[in-house]
Structure formats: structure tokens, C-alpha cells
>>> print(open('entry.txt').read())   # compact mmCIF, C-alpha atoms
# COMPACT_ATOMS: atom_id res chain seq x y z
CA MET A 26 15.51 -26.11 -15.33
CA LYS A 27 16.71 -27.76 -18.53
CA LEU A 28 19.93 -28.77 -16.94
CA LYS A 29 21.43 -30.84 -19.73
CA GLU A 30 21.77 -27.88 -22.15
CA LYS A 31 25.13 -26.20 -22.72
CA ILE A 32 25.60 -22.44 -22.65
CA SER A 33 28.54 -20.97 -24.53
CA ILE A 34 29.76 -17.51 -23.61
CA ASP A 35 32.29 -15.98 -26.01
CA GLU A 36 33.57 -13.35 -23.65
CA PHE A 37 32.99 -12.39 -20.04
CA ASP A 38 34.99 -9.63 -18.34
CA GLY A 39 37.56 -9.86 -21.13
CA LYS A 40 37.98 -13.62 -20.66
CA ARG A 41 36.55 -16.53 -22.62
CA PHE A 42 34.45 -19.07 -20.78
CA GLN A 43 32.07 -21.85 -21.47
CA ILE A 44 29.42 -22.49 -18.84
CA ARG A 45 27.75 -25.87 -18.75
CA LEU A 46 24.68 -26.58 -16.67
CA VAL A 47 24.83 -30.21 -15.64
CA GLU A 48 22.42 -32.64 -14.01
CA PRO A 49 24.34 -33.76 -10.93
CA ASN A 50 23.02 -36.16 -8.40
CA LEU A 51 21.51 -33.44 -6.25
CA SER A 52 18.83 -34.05 -3.69
CA ASN A 53 15.39 -32.65 -4.32
CA GLN A 54 15.94 -30.40 -1.33
CA LYS A 55 18.89 -28.73 -3.06
CA LYS A 56 16.83 -28.32 -6.20
CA ALA A 57 14.05 -26.84 -4.06
CA VAL A 58 16.49 -24.40 -2.46
CA ILE A 59 17.80 -23.26 -5.83
CA THR A 60 14.39 -22.75 -7.43
CA HIS A 61 12.97 -21.02 -4.34
CA TYR A 62 16.00 -18.72 -4.28
CA LEU A 63 15.64 -17.83 -7.95
CA HIS A 64 11.90 -17.25 -7.68
CA ASN A 65 12.57 -14.73 -4.92
CA ILE A 66 15.79 -13.21 -6.22
CA ASP A 67 14.20 -9.77 -6.64
CA ASN A 68 12.79 -9.50 -3.14
CA GLY A 69 13.90 -9.80 0.44
CA VAL A 70 12.82 -13.44 0.74
CA SER A 71 15.79 -14.57 -1.37
CA LYS A 72 18.21 -13.95 1.50
CA HIS A 73 16.48 -16.76 3.41
CA PHE A 74 17.61 -19.26 0.75
CA LYS A 75 20.81 -17.56 -0.50
CA LYS A 76 23.51 -19.34 1.50
CA GLU A 77 22.26 -22.86 0.77
CA ALA A 78 21.32 -21.96 -2.81
CA GLU A 79 24.76 -20.61 -3.71
CA LYS A 80 26.39 -23.80 -2.45
CA ALA A 81 23.99 -25.92 -4.50
CA ILE A 82 24.31 -23.77 -7.61
CA LYS A 83 28.07 -24.45 -7.68
CA GLU A 84 27.21 -28.08 -8.26
CA TYR A 85 25.23 -27.09 -11.35
CA VAL A 86 27.92 -24.92 -12.92
CA THR A 87 31.19 -25.99 -14.52
CA TYR A 88 33.48 -23.93 -16.69
CA LYS A 89 36.64 -24.38 -18.70
CA ASN A 90 39.07 -22.18 -16.82
CA GLU A 91 39.22 -23.95 -13.46
CA GLU A 92 41.72 -21.39 -12.15
CA GLU A 93 39.23 -18.53 -12.34
CA SER A 94 36.79 -17.74 -9.58
CA LEU A 95 33.24 -19.01 -9.93
CA SER A 96 32.08 -15.45 -9.26
CA LEU A 97 33.16 -14.48 -12.80
CA VAL A 98 30.49 -16.70 -14.32
CA ALA A 99 27.97 -17.01 -11.53
CA GLU A 100 25.86 -14.05 -12.69
CA ASP A 101 25.45 -15.44 -16.22
CA ALA A 102 24.67 -18.87 -14.82
CA LEU A 103 22.08 -17.38 -12.51
CA GLN A 104 20.49 -15.43 -15.35
CA GLN A 105 20.15 -18.60 -17.43
CA LEU A 106 18.70 -20.53 -14.51
CA LEU A 107 16.41 -17.63 -13.70
CA PHE A 108 15.08 -17.63 -17.26
CA GLU A 109 14.36 -21.33 -17.03
CA VAL A 110 12.47 -21.20 -13.74
CA ASN A 111 10.37 -18.31 -15.06
CA ASP A 112 9.77 -19.80 -18.51
CA VAL A 113 6.73 -21.73 -17.27
CA PRO A 114 2.96 -21.59 -17.88
CA PHE A 115 2.20 -19.97 -14.51
CA PRO A 116 4.89 -17.53 -13.36
CA THR A 117 4.50 -15.27 -10.35
CA PRO A 118 2.45 -12.10 -11.00
CA GLU A 119 4.82 -9.20 -11.64
CA ASN A 120 3.06 -6.77 -9.32
CA TYR A 121 2.10 -9.24 -6.61
CA THR A 122 0.32 -7.79 -3.57
CA PHE A 123 0.82 -10.50 -0.95
CA LYS A 124 2.92 -13.54 -0.07
CA PHE A 125 1.78 -17.03 0.84
CA ILE A 126 3.15 -20.50 1.48
CA ASP A 127 1.78 -23.71 -0.01
CA LEU A 128 1.91 -26.79 2.24
CA PHE A 129 0.90 -30.31 1.12
CA ALA A 130 0.92 -28.60 -2.25
CA GLY A 131 0.12 -31.54 -4.54
CA ILE A 132 0.21 -30.15 -8.08
CA GLY A 133 -0.46 -26.56 -7.08
CA GLY A 134 -4.22 -26.02 -6.88
CA PHE A 135 -3.86 -23.57 -4.01
CA ARG A 136 -0.99 -21.83 -5.77
CA MET A 137 -2.99 -21.46 -8.96
CA ALA A 138 -5.84 -19.79 -7.07
CA MET A 139 -3.61 -17.52 -5.00
CA GLN A 140 -1.51 -16.41 -7.98
CA ASN A 141 -4.70 -15.62 -9.88
CA LEU A 142 -5.52 -13.17 -7.10
CA GLY A 143 -2.08 -11.53 -7.13
CA GLY A 144 -0.11 -13.65 -4.68
CA LYS A 145 3.52 -14.74 -4.64
CA CYS A 146 4.41 -18.15 -3.27
CA VAL A 147 7.54 -17.95 -1.10
CA PHE A 148 7.66 -21.56 0.08
CA THR A 149 6.08 -24.82 -1.00
CA SER A 150 6.30 -28.42 0.17
CA GLU A 151 5.09 -31.70 -1.30
CA TRP A 152 6.69 -35.08 -0.67
CA ASP A 153 5.34 -37.05 -3.67
CA LYS A 154 7.99 -37.17 -6.41
CA GLU A 155 5.54 -37.40 -9.33
CA ALA A 156 3.51 -34.48 -8.01
CA GLN A 157 6.77 -32.53 -7.65
CA ARG A 158 7.41 -33.12 -11.37
CA THR A 159 4.04 -31.65 -12.32
CA TYR A 160 4.46 -28.74 -9.92
CA ARG A 161 7.88 -27.92 -11.30
CA ALA A 162 6.72 -28.09 -14.93
CA ASN A 163 3.95 -25.57 -14.31
CA PHE A 164 5.43 -23.22 -11.71
CA GLY A 165 9.18 -23.57 -12.26
CA GLU A 166 9.78 -24.55 -8.67
CA VAL A 167 10.70 -27.82 -6.98
CA PRO A 168 8.72 -28.22 -3.75
CA PHE A 169 10.56 -29.03 -0.57
CA GLY A 170 9.88 -32.52 0.75
CA ASP A 171 8.67 -33.87 4.08
CA ILE A 172 7.23 -30.96 6.07
CA THR A 173 7.42 -32.98 9.28
CA LYS A 174 11.23 -32.68 9.19
CA GLU A 175 12.94 -29.73 10.83
CA GLN A 176 15.40 -29.59 7.95
CA THR A 177 12.43 -28.70 5.73
CA LYS A 178 10.73 -26.30 8.15
CA LYS A 179 13.90 -24.26 8.55
CA PHE A 180 13.50 -23.01 4.98
CA ILE A 181 10.11 -21.41 5.62
CA PRO A 182 10.71 -17.64 5.55
CA ASP A 183 9.19 -15.05 7.85
CA GLY A 184 6.77 -12.35 6.85
CA PHE A 185 4.32 -14.12 4.56
CA ASP A 186 0.63 -13.17 4.74
CA VAL A 187 -1.31 -16.39 4.22
CA LEU A 188 -0.62 -20.05 4.99
CA CYS A 189 -2.40 -22.52 2.68
CA ALA A 190 -2.62 -26.23 3.38
CA GLY A 191 -4.70 -29.12 2.13
CA PHE A 192 -3.46 -31.32 4.96
CA PRO A 193 -4.38 -35.04 5.11
CA CYS A 194 -6.74 -36.11 7.87
CA GLN A 195 -5.33 -38.39 10.55
CA ALA A 196 -6.82 -39.78 13.73
CA PHE A 197 -5.86 -37.99 16.93
CA SER A 198 -5.32 -39.82 20.17
CA ILE A 199 -7.20 -37.55 22.57
CA ALA A 200 -8.98 -39.97 24.87
CA GLY A 201 -9.10 -38.49 28.36
CA LYS A 202 -7.31 -35.33 27.30
CA ARG A 203 -8.42 -31.78 26.60
CA GLY A 204 -7.67 -32.01 22.89
CA GLY A 205 -5.08 -29.24 22.69
CA PHE A 206 -1.88 -28.51 20.81
CA GLU A 207 0.21 -31.26 22.41
CA ASP A 208 -2.47 -33.86 21.68
CA THR A 209 -1.98 -33.45 17.93
CA ARG A 210 1.65 -34.56 17.97
CA GLY A 211 2.32 -37.29 15.45
CA THR A 212 -0.31 -35.95 13.07
CA LEU A 213 0.24 -33.78 10.03
CA PHE A 214 -2.05 -31.14 11.45
CA PHE A 215 0.46 -30.68 14.27
CA ASP A 216 3.06 -29.57 11.72
CA VAL A 217 0.64 -27.05 10.23
CA ALA A 218 -0.21 -25.71 13.69
CA GLU A 219 3.45 -25.54 14.67
CA ILE A 220 4.27 -23.47 11.56
CA ILE A 221 1.35 -21.12 12.28
CA LYS A 222 2.62 -20.75 15.84
CA ARG A 223 6.16 -19.97 14.69
CA LYS A 224 5.41 -17.67 11.77
CA GLN A 225 2.18 -15.94 12.87
CA PRO A 226 0.71 -15.30 9.40
CA LYS A 227 -2.14 -12.81 9.04
CA ALA A 228 -4.43 -15.62 7.90
CA PHE A 229 -4.53 -19.32 7.11
CA PHE A 230 -6.68 -21.36 4.75
CA LEU A 231 -7.02 -25.11 5.33
CA GLU A 232 -8.88 -27.65 3.20
CA ASN A 233 -9.87 -31.21 3.99
CA VAL A 234 -12.36 -33.93 3.14
CA LYS A 235 -15.99 -33.44 4.12
CA GLY A 236 -15.74 -36.38 6.52
CA LEU A 237 -13.45 -34.39 8.82
CA ARG A 238 -16.58 -32.83 10.33
CA ASN A 239 -17.73 -36.19 11.71
CA HIS A 240 -14.37 -37.91 12.04
CA ASP A 241 -14.09 -39.71 15.39
CA ARG A 242 -17.61 -38.47 16.28
CA GLY A 243 -16.55 -34.86 15.76
CA LYS A 244 -13.60 -35.02 18.19
CA THR A 245 -10.95 -34.51 15.51
CA LEU A 246 -12.45 -31.25 14.23
CA GLU A 247 -13.11 -30.12 17.79
CA THR A 248 -9.44 -30.65 18.61
CA ILE A 249 -8.32 -28.79 15.49
CA LEU A 250 -10.53 -25.80 16.26
CA ASN A 251 -9.46 -25.78 19.90
CA VAL A 252 -5.81 -25.60 18.86
CA LEU A 253 -6.39 -22.86 16.30
CA ARG A 254 -8.66 -20.76 18.49
CA ASN A 255 -7.43 -21.27 22.03
CA ASP A 256 -3.81 -22.38 21.76
CA LEU A 257 -2.86 -20.20 18.78
CA GLY A 258 -5.27 -17.36 19.41
CA TYR A 259 -6.72 -17.01 15.90
CA TYR A 260 -10.26 -15.96 15.08
CA VAL A 261 -11.70 -19.01 13.33
CA PRO A 262 -15.28 -18.80 12.07
CA GLU A 263 -17.26 -22.01 11.85
CA PRO A 264 -15.83 -24.17 9.04
CA GLN A 265 -17.98 -24.52 5.94
CA ILE A 266 -18.49 -27.32 3.44
CA LEU A 267 -18.35 -25.98 -0.09
CA ASN A 268 -19.16 -27.85 -3.29
CA ALA A 269 -17.08 -27.42 -6.44
CA LYS A 270 -20.22 -27.54 -8.61
CA ASP A 271 -21.34 -24.25 -7.05
CA PHE A 272 -18.26 -22.47 -8.36
CA GLY A 273 -18.31 -23.17 -12.08
CA VAL A 274 -17.09 -26.74 -12.58
CA PRO A 275 -19.34 -29.77 -13.22
CA GLN A 276 -18.14 -31.91 -10.31
CA ASN A 277 -20.03 -32.85 -7.17
CA ARG A 278 -17.09 -32.39 -4.81
CA GLU A 279 -17.74 -31.34 -1.21
CA ARG A 280 -14.81 -30.27 0.93
CA ILE A 281 -14.54 -28.60 4.32
CA PHE A 282 -12.79 -25.22 4.41
CA ILE A 283 -11.29 -23.74 7.57
CA VAL A 284 -10.00 -20.17 7.62
CA GLY A 285 -8.48 -18.18 10.46
CA PHE A 286 -7.25 -14.66 11.16
CA HIS A 287 -4.47 -13.37 13.39
CA LYS A 288 -5.57 -11.17 16.28
CA SER A 289 -3.57 -8.28 14.83
CA THR A 290 -5.99 -8.15 11.88
CA LYS A 291 -8.84 -7.40 14.30
CA VAL A 292 -11.18 -9.57 12.20
CA ILE A 293 -14.29 -10.58 14.13
CA GLU A 294 -16.51 -11.86 11.33
CA PHE A 295 -16.08 -13.60 8.01
CA GLU A 296 -18.44 -14.64 5.26
CA TYR A 297 -17.71 -17.61 3.04
CA PRO A 298 -18.42 -17.13 -0.68
CA LYS A 299 -21.94 -17.66 -2.00
CA PRO A 300 -22.57 -20.20 -4.78
CA LEU A 301 -22.45 -18.80 -8.29
CA ASP A 302 -25.67 -18.52 -10.25
CA LYS A 303 -24.27 -20.68 -13.03
CA LYS A 304 -25.47 -23.99 -14.40
CA VAL A 305 -22.72 -26.44 -15.25
CA LYS A 306 -22.65 -29.78 -17.05
CA PHE A 307 -20.10 -32.33 -18.23
CA ALA A 308 -20.48 -31.18 -21.83
CA ASP A 309 -18.82 -27.90 -20.79
CA ILE A 310 -15.49 -29.65 -20.22
CA LYS A 311 -15.78 -32.62 -22.60
CA GLU A 312 -12.93 -33.23 -25.04
CA LYS A 313 -13.54 -31.35 -28.28
CA LYS A 314 -12.00 -34.15 -30.33
CA VAL A 315 -12.59 -37.87 -29.98
CA PRO A 316 -10.12 -39.20 -27.37
CA PRO A 317 -7.64 -41.97 -28.20
CA THR A 318 -9.01 -45.51 -28.28
CA LYS A 319 -7.11 -46.40 -25.09
CA PHE A 320 -9.73 -44.56 -23.04
CA TYR A 321 -12.58 -46.75 -24.32
CA LEU A 322 -13.44 -49.79 -22.24
CA SER A 323 -13.03 -53.31 -23.54
CA THR A 324 -16.12 -55.51 -23.78
CA GLN A 325 -14.72 -57.87 -21.17
CA TYR A 326 -13.91 -55.10 -18.68
CA LEU A 327 -17.33 -53.55 -19.20
CA GLN A 328 -18.94 -56.92 -18.47
CA THR A 329 -16.82 -57.22 -15.32
CA LEU A 330 -18.14 -53.86 -14.15
CA HIS A 331 -21.75 -54.91 -14.83
CA ASN A 332 -21.22 -58.14 -12.86
CA HIS A 333 -19.57 -56.27 -10.01
CA LYS A 334 -22.41 -53.79 -9.80
CA SER A 335 -25.02 -56.57 -9.89
CA ARG A 336 -23.35 -58.41 -7.00
CA HIS A 337 -23.42 -55.27 -4.86
CA GLU A 338 -27.01 -54.42 -5.80
CA SER A 339 -28.11 -57.92 -4.78
CA LYS A 340 -26.68 -57.17 -1.34
CA GLY A 341 -28.44 -53.83 -1.16
CA ASN A 342 -25.31 -51.81 -1.86
CA GLY A 343 -25.04 -49.00 -4.36
CA PHE A 344 -21.37 -49.58 -5.16
CA GLY A 345 -20.49 -49.83 -8.83
CA PHE A 346 -19.72 -47.94 -12.00
CA GLU A 347 -21.71 -44.95 -13.19
CA ILE A 348 -22.11 -43.26 -16.56
CA ILE A 349 -22.30 -39.46 -16.49
CA PRO A 350 -24.50 -37.97 -19.23
CA ASP A 351 -23.33 -34.89 -21.12
CA THR A 352 -26.01 -32.91 -19.30
CA GLY A 353 -24.97 -34.28 -15.90
CA ILE A 354 -22.41 -33.48 -13.23
CA ALA A 355 -19.46 -35.74 -12.48
CA ASN A 356 -19.00 -37.50 -9.18
CA ALA A 357 -16.02 -36.40 -7.12
CA VAL A 358 -12.79 -37.44 -8.81
CA VAL A 359 -10.67 -39.42 -6.39
CA CYS A 360 -7.24 -40.98 -6.61
CA GLY A 361 -8.08 -44.63 -6.04
CA GLY A 362 -10.71 -47.34 -5.96
CA MET A 363 -13.57 -46.78 -8.38
CA GLY A 364 -12.62 -43.16 -9.10
CA ARG A 365 -12.54 -43.50 -12.86
CA GLU A 366 -15.32 -46.08 -13.08
CA ARG A 367 -17.75 -43.79 -11.24
CA ASN A 368 -17.18 -41.18 -13.93
CA LEU A 369 -17.61 -43.06 -17.20
CA VAL A 370 -19.13 -41.25 -20.18
CA ILE A 371 -20.69 -42.21 -23.49
CA ASP A 372 -18.81 -40.83 -26.46
CA LYS A 373 -19.94 -42.34 -29.75
CA ARG A 374 -17.64 -40.26 -31.91
CA ILE A 375 -15.15 -43.13 -32.05
CA LYS A 376 -14.70 -44.57 -35.56
CA ASP A 377 -11.62 -46.73 -35.26
CA PHE A 378 -12.11 -49.61 -32.80
CA THR A 379 -8.61 -51.03 -33.23
CA PRO A 380 -7.10 -51.50 -29.73
CA THR A 381 -3.99 -49.42 -29.06
CA THR A 382 -3.21 -51.21 -25.80
CA HIS A 383 -3.29 -54.87 -24.78
CA ILE A 384 -6.88 -55.66 -23.79
CA LYS A 385 -9.04 -58.73 -23.31
CA GLY A 386 -12.01 -58.77 -25.65
CA GLU A 387 -12.74 -55.91 -28.03
CA VAL A 388 -13.27 -52.17 -27.72
CA ASN A 389 -16.93 -51.77 -26.79
CA ARG A 390 -19.29 -50.48 -29.49
CA GLU A 391 -21.46 -48.50 -27.07
CA GLY A 392 -18.94 -45.68 -26.89
CA ILE A 393 -18.36 -46.06 -23.15
CA ARG A 394 -15.05 -44.59 -22.06
CA LYS A 395 -13.18 -43.21 -19.10
CA MET A 396 -12.78 -39.49 -18.77
CA THR A 397 -9.35 -38.34 -19.87
CA PRO A 398 -6.80 -36.78 -17.49
CA ARG A 399 -7.45 -33.45 -19.21
CA GLU A 400 -11.14 -33.74 -18.44
CA TRP A 401 -10.28 -34.45 -14.79
CA ALA A 402 -8.05 -31.37 -14.86
CA ARG A 403 -10.97 -29.29 -16.12
CA LEU A 404 -13.27 -30.76 -13.48
CA GLN A 405 -10.84 -29.39 -10.91
CA GLY A 406 -10.71 -26.00 -12.60
CA PHE A 407 -7.20 -26.23 -14.10
CA PRO A 408 -6.84 -24.34 -17.42
CA ASP A 409 -5.88 -26.18 -20.58
CA ASN A 410 -2.35 -24.76 -20.60
CA PHE A 411 -1.67 -26.61 -17.35
CA LEU A 412 1.01 -29.15 -18.29
CA ILE A 413 0.57 -32.85 -17.54
CA PRO A 414 4.13 -34.25 -17.75
CA VAL A 415 3.35 -37.61 -16.09
CA ALA A 416 1.77 -40.88 -17.19
CA ASP A 417 -2.02 -41.19 -17.12
CA ALA A 418 -2.08 -43.25 -13.91
CA SER A 419 -0.13 -40.56 -12.05
CA ALA A 420 -2.21 -37.80 -13.62
CA TYR A 421 -5.49 -39.33 -12.39
CA LYS A 422 -4.01 -39.67 -8.91
CA GLN A 423 -2.75 -36.10 -8.89
CA PHE A 424 -5.97 -34.49 -10.06
CA GLY A 425 -7.98 -36.72 -7.75
CA ASN A 426 -5.87 -35.53 -4.81
CA SER A 427 -5.99 -31.89 -5.84
CA VAL A 428 -8.25 -29.10 -4.69
CA ALA A 429 -10.95 -27.60 -6.90
CA VAL A 430 -9.30 -24.35 -7.92
CA PRO A 431 -12.45 -22.20 -8.41
CA ALA A 432 -13.82 -22.98 -4.93
CA ILE A 433 -10.42 -22.29 -3.39
CA GLN A 434 -10.08 -19.03 -5.30
CA ALA A 435 -13.55 -17.79 -4.34
CA THR A 436 -12.82 -18.44 -0.65
CA ALA A 437 -9.31 -16.99 -0.83
CA GLU A 438 -10.73 -13.83 -2.36
CA GLN A 439 -13.00 -13.43 0.66
CA VAL A 440 -10.04 -14.01 3.00
CA LEU A 441 -7.95 -11.35 1.25
CA LYS A 442 -10.78 -8.83 1.23
CA THR A 443 -11.29 -9.45 4.94
CA ILE A 444 -7.67 -8.62 5.76
CA LYS A 445 -7.72 -5.72 3.29
CA ILE A 446 -5.18 -7.03 0.80
CA LYS A 447 -5.46 -5.71 -2.74
CA ILE A 448 -6.59 -8.32 -5.24
CA LEU A 449 -5.24 -8.48 -8.77
CA LYS A 450 -7.39 -9.96 -11.52
>>> encode(input="entry.txt", output="C-alpha cells")
Amino acid sequence: MKLKEKISIDEFDGKRFQIRLVEPNLSNQKKAVITHYLHNIDNGVSKHFKKEAEKAIKEYVTYKNEEESLSLVAEDALQQLLFEVNDVPFPTPENYTFKFIDLFAGIGGFRMAMQNLGGKCVFTSEWDKEAQRTYRANFGEVPFGDITKEQTKKFIPDGFDVLCAGFPCQAFSIAGKRGGFEDTRGTLFFDVAEIIKRKQPKAFFLENVKGLRNHDRGKTLETILNVLRNDLGYYVPEPQILNAKDFGVPQNRERIFIVGFHKSTKVIEFEYPKPLDKKVKFADIKEKKVPPTKFYLSTQYLQTLHNHKSRHESKGNGFGFEIIPDTGIANAVVCGGMGRERNLVIDKRIKDFTPTTHIKGEVNREGIRKMTPREWARLQGFPDNFLIPVADASAYKQFGNSVAVPAIQATAEQVLKTIKIKILK
């Protein structure tokens, strides 16, 4: 919502008004309520947000004739706000065939995949403020915040079909216990399980790091599956580890996928998607034009990386930077540590070696550079019209934390087919 713009209305119901959308000091939750309400204004879900949204919208709308009722101008205000939340790169499909919610949403990788298949998101949550900015820019919706809070959970509507969540992995304290629902309290998985228990969706789709399989010698995953299968009563096939490189993007990114089906669906078997017969390489997603000089390493920093790698090699460790050839596949992009340094590339198209940022030494003449945020976006399967409204540091973090959209979409398609939901493509 471009809330600092003014809207002038010459005449409304025979009276002259000027509506001004302002940027008050509203909480993100109020902004979330408004955008969720507007995204669902044409369906029954909107009533779930209406009461709180109408109160919040009054804080956005001012008008000249203070004696007149807000109802005289509310419809025009709503129409302007509605235009702004829909005037985004990735609006909801017009003829959507199912509804889903997006928990621990990040920048919307799950949403991208589900919308591509014909889904409508009716609730989303993400606590990180910078990720919320990116989500809003691309989907026109402000995510709700901390999903562990009841004040956030109360906004989750009934009647959605699929719950999606890339929940963070946390240690469970299950020593001497049976590893059931109550034993997950204090973890983020508990909040996911609690929402499944309350809302009873037809299916859920969870994503996590590959290490979840062996976390705490397998006890964590065992507890999760016990809760989903025995406490909640869902059919949960054995989780699978899928690799992004098998689904059309040149990134070696393995993640564990867990899907489940409500007993009412009568699902008794499920098949995860098969890898695509498609060869991928970094050159497929490489920048078409030479990137700005700021992405090229300085000679001093490059020497530091060489020294660092040598120290680790002398100790028998493999830790260090890595250069990905154009014909190669990138390592998994991650949000911290050596994430960028493990995915350096050689790009000798650079002609101007004048530094554009403060660096020690000179811009290296070997053409060694970091991948750009846009290249990381492509490695995760985000299309080029996906907006990146944040600084580079935040962008790397956000794409590193995201899901690989093509792998998510391939699995989601199998889930939808299994519960006989029509897929739009």
C-alpha cells in the first residue's frame, strides 16, 4: 500500500470529499489484518478479518468533512487500498481452486509454488521485518508476526485445504518420555502441530533441513512423526530428502519434506515427485550483463580466503571458499558463514576495475566475484520479476533461508493430485 499518496474525490453521494491515505504508526499486525482482509474481500474468508480490519482502516483514512460518517467514503478508500494490494507481481489466481496458509513464510517460496498451482493464501506469518518487506512487495500482503502468540493464531481462518510450513528445527527435550504432542512444547513445531490439531486441514506440507533426519540421533524426527501420525491422526508417508538440482535449478540443496493427509481424505499411499530428466548448470542462471564492480573481490580479501583455506587444509579440513564453474552446480545457498564464499564464480567480462565501495587492496584481475542476489534468487527458482526491495545483505539472507520453489511446487502438485484438487497451470 502506497500510503503516503493523496486521493482526491470531486463528488461522492452528492457531497465533496478528499480522502487521504496516511502512514500512521500502526503495528505490523494491523497492517497484516488490513491486507489479509482486502486479499479475501471477495470470499467468505474476509469475514474472519473484517471486524479488526475495519477498525484499522479508519486509522488509514482521513477526510475533510469530519461531521460526515466514515461510511460515506469507506468504499472508495477500500477500492483504492484493494487496487494497491493487488497491484503486485504475484497476485492471487483469479479462479483459484484451493486455499492454503503459509507459516514461517520467509519471502514466500511456498506461496509462489502454491499460487502457481492455483492456490489462494488465506493466512501468512513471518516474524522477520525485512522478510516481511519483501513478501509485501511481491504479494501485496503483510505477514502476521510471531506465530507462537495466541493473538496471531486467532487470525487463522477455518476451512483451508493445505497447511505449509518451513519450520525451524529445534531440539526437543524428550528424555524418558514417549515423545508425544506435549513433549514438543516450547518448540516451533509445537505451534505447527497445534494449528493442525485446531484447524484439521486436508493436508500439510512441511520442509526442513536435511539434518533433521539425524538430529538428536533421530529422536527429533521420531517425535515429530509420532505427533503427526498418532496424536493428530494423519497419514504421513516416510519423509523424503529432495534435492533442488533434480527439479531444474543448478543448486545442490537437499531438504527433507514431510507431507500428511487427514483421515477424511482416505489417502493410504503417496508418491513423492521423481527427479526431472534435465541437466542444469550455473551458466543457465548467470547474469546476462557484467555485474557491478562491488561484487568482485578485492585482492586482499581474496588472499585472506586463500590463507584461510590453507590453514584448514593443513588441519585436514575441507572448509574454505569454492569457485563454481559455469558448467557446474552451486553449493547450497545459506544465510550465514561462508555462504557467499562457497559460491564464488569467475566472470572475466569486467572492464572497469575502479572500486565502487571502500575496499582494501584492488579489485582482483582474475574476475573472481560473488554471485549476485538475483543469481541466488534464480538458484532458488524465483522468476526475474520477483522484486528485491532490500539491501544486498538482507537479500542474501532471505534467499539463503528460502525454499527452492521448483522442488516445493513439484511436491505440492503430488499432494494436490492425491487429495483430488484441480491444478491450474
>>> atom_distance(input="entry.txt", atom1="atom CA of Lys80 of chain A", atom2="atom CA of Tyr62 of chain A")
11.7 Å
>>> closest_residue(input="entry.txt", among="A:Lys314, A:Asn233, A:Ile293, A:Gly345", to="Pro262 of chain A", atoms="only C-alpha atoms")
A:Ile293
>>> atom_distance(input="entry.txt", atom1="atom CA of Gly69 of chain A", atom2="atom CA of Pro114 of chain A")
24.4 Å
>>> residues_near_point(input="entry.txt", point="(-2.4, -23.9, 7.2)", cutoff="9 Å", atoms="only C-alpha atoms", output="NGL selection string")
:A and (126-128 or 187-192 or 214 or 217-218 or 220-221 or 228-232 or 283-285)
>>> residues_near_point(input="entry.txt", point="(8.6, -26.4, -6.3)", cutoff="8 Å", atoms="all atoms listed in the file", output="PyMOL selection string")
chain A and resi 57+60-61+149-150+157+160-161+164-169
>>> write_last_selection(input="entry.txt", atoms="C-alpha atoms", output="CSV table (one decimal), in the coordinates of the input")
chain,number,residue,atom,x,y,z
A,57,ALA,CA,14.0,-26.8,-4.1
A,60,THR,CA,14.4,-22.8,-7.4
A,61,HIS,CA,13.0,-21.0,-4.3
A,149,THR,CA,6.1,-24.8,-1.0
A,150,SER,CA,6.3,-28.4,0.2
A,157,GLN,CA,6.8,-32.5,-7.6
A,160,TYR,CA,4.5,-28.7,-9.9
A,161,ARG,CA,7.9,-27.9,-11.3
A,164,PHE,CA,5.4,-23.2,-11.7
A,165,GLY,CA,9.2,-23.6,-12.3
A,166,GLU,CA,9.8,-24.6,-8.7
A,167,VAL,CA,10.7,-27.8,-7.0
A,168,PRO,CA,8.7,-28.2,-3.8
A,169,PHE,CA,10.6,-29.0,-0.6
>>> closest_residue(input="entry.txt", among="A:Phe135, A:Lys303, A:Ala357, A:Val274", to="Lys235 of chain A", atoms="only C-alpha atoms")
A:Ala357
>>> atom_distance(input="entry.txt", atom1="atom CA of Arg390 of chain A", atom2="atom CA of Phe346 of chain A")
17.7 Å
>>> residues_around(input="entry.txt", residues="Val430 of chain A", least_positions_apart="6", cutoff="6 Å", atoms="all atoms listed in the file", output="list in words")
Gly134, Ala138 and Gly406 of chain A
>>> residues_around(input="entry.txt", residues="Gly184 of chain A", least_positions_apart="3", cutoff="9 Å", atoms="all atoms listed in the file", output="MDAnalysis selection string")
chainID A and resid 70 124 224:226
>>> write_last_selection(input="entry.txt", atoms="C-alpha atoms", output="compact mmCIF listing (two decimals), in the coordinates of the input")
# COMPACT_ATOMS: atom_id res chain seq x y z
CA VAL A 70 12.82 -13.44 0.74
CA LYS A 124 2.92 -13.54 -0.07
CA LYS A 224 5.41 -17.67 11.77
CA GLN A 225 2.18 -15.94 12.87
CA PRO A 226 0.71 -15.30 9.40
>>> closest_residue(input="entry.txt", among="A:Gln140, A:Gln54, A:Thr248, A:Thr159", to="Arg210 of chain A", atoms="all atoms listed in the file")
A:Thr248
>>> residues_around(input="entry.txt", residues="Asn368 of chain A", least_positions_apart="2", cutoff="8 Å", atoms="only C-alpha atoms", output="number ranges by chain")
A: 346-349, 355-356, 358, 364-366, 370, 395-396
>>> residues_around(input="entry.txt", residues="Gln265 of chain A", least_positions_apart="2", cutoff="9 Å", atoms="all atoms listed in the file", output="VMD selection string")
chain A and resid 262 to 263 267 280 to 283 297
